[in-house]
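Visitor: Questions regarding the structure given below will be posed in turn.
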Amino acid sequence: MRSSPAAIVAAFCMLGVAHAQDAIPESLTGARGDAARGRAIVANRQVGLCLLCHSGPFPEERFQGNLAPDLRGAGTRWSEGQLRLRIVDSSRINPATIMPAYHRSEGLARVAPAWRGKPVLSAQQIEDVVAFLMTLRD
Ligand code: HEC
């Protein structure tokens with residue numbers, strides 16, 4: 001079957017869109033986050049819960065997860081915008097992911113009433129976590 005020129009153009013446009021959706025290049029707050037605060041969020045058992053699934057350079061944390069890639073080197077593997085999207089809403093990259101969407105409140109099933117309409121992390125907290133992950137370069 002031959003593809004029409006219009007179909008080929010449409011396919012290229014979709015590729016462009018998919019590429020653009022791999023990242024959120026702009027800071028959610030318009031400013032750079034604070035890496036030290038971000039580290040505290042990532043290591044925190046009540047707020048971030050990241051270490052439920054991930055491990056990383058946290059010598060003080062005895063129990064770390066093994067359901068997800070080690071966070072070491074995340075700042076080398078991914079751009080700042082790619083990291084931001086992965087924390088805001090990982091399901092936009094992998095619809096079957098088990099990683100929670102940390103800054104999306106619409107479209108979530110099974111949200112406890114106290115959390116309905118509220119993202120898990122604020123825009124500022126997302127920027128702090130992104131700033132911390134950007135420091136993980138080995
Ligand atoms: C319930 C488990 C779970 C939790 C909690 C979780 N993640 Fe993830 N994360 C994953 C999985 C699984 C992946 C691998 C990609 C996928 O399956 O979507 C991933 C991927 C990532 C990636 C890309 C990893 C890479 O280098 O390939 C980063 C960065 C990341 N997570 C950061 C975080 C941060 C920061 C938190 C806390 C704010 C967090 N994750 C919480 C499960 C989790």
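In the structure tokens, the first chain shown is A, the next is B, and so on; residue numbers restart at 1 for each chain, and ligands run from 1 in the order shown.
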At a cut-off of 8 Å around ligand 1, and using only C-alpha atoms and all ligand atoms, what residues come up? Please write them as a ChimeraX atom specification.
Guide: /A:41-42,47-54,67-74,77-78,83,86-87,90-91,93-100,102,121,126,129-130,133
Visitor: Could you work out how far atom CA of Arg37 of chain A lies from atom CA of Gln124 of chain A, giving the answer in Å with one decimal?
Guide: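 According to the coordinates, atom CA of Gln124 of chain A and atom CA of Arg37 of chain A are separated by 10.0 Å.
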Visitor: Can you work out the spacing between atom CA of Val88 of chain A and atom CA of Ala40 of chain A in Å, to one decimal?
Guide: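 Straight-line distance from atom CA of Val88 of chain A to atom CA of Ala40 of chain A works out to 17.6 Å.
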Visitor: So which one's closest to Arg104 of chain A, A:Ala131, A:Ala31, A:Leu136, A:Ala123? Using only C-alpha atoms, please.
Guide: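 Ranking A:Ala131, A:Ala31, A:Leu136, A:Ala123 by distance to Arg104 of chain A, first place goes to A:Ala123.
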Visitor: Please report the interatomic distance between atom CA of Glu26 of chain A and atom CA of Ser55 of chain A in Å with one decimal.
Guide: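 Interatomic distance here is 27.0 Å.
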Visitor: Using only C-alpha atoms, which residue out of A:Ser27, A:Gln82, A:Thr76, A:Asn44 lies closest to Glu61 of chain A?
Guide: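 The closest residue to Glu61 of chain A is A:Asn44.
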Visitor: Of the candidates A:Pro119, A:Asn66, A:Asp138, A:Pro25, which one gets nearest to Gly81 of chain A if we count only C-alpha atoms?
Guide: A:Pro25
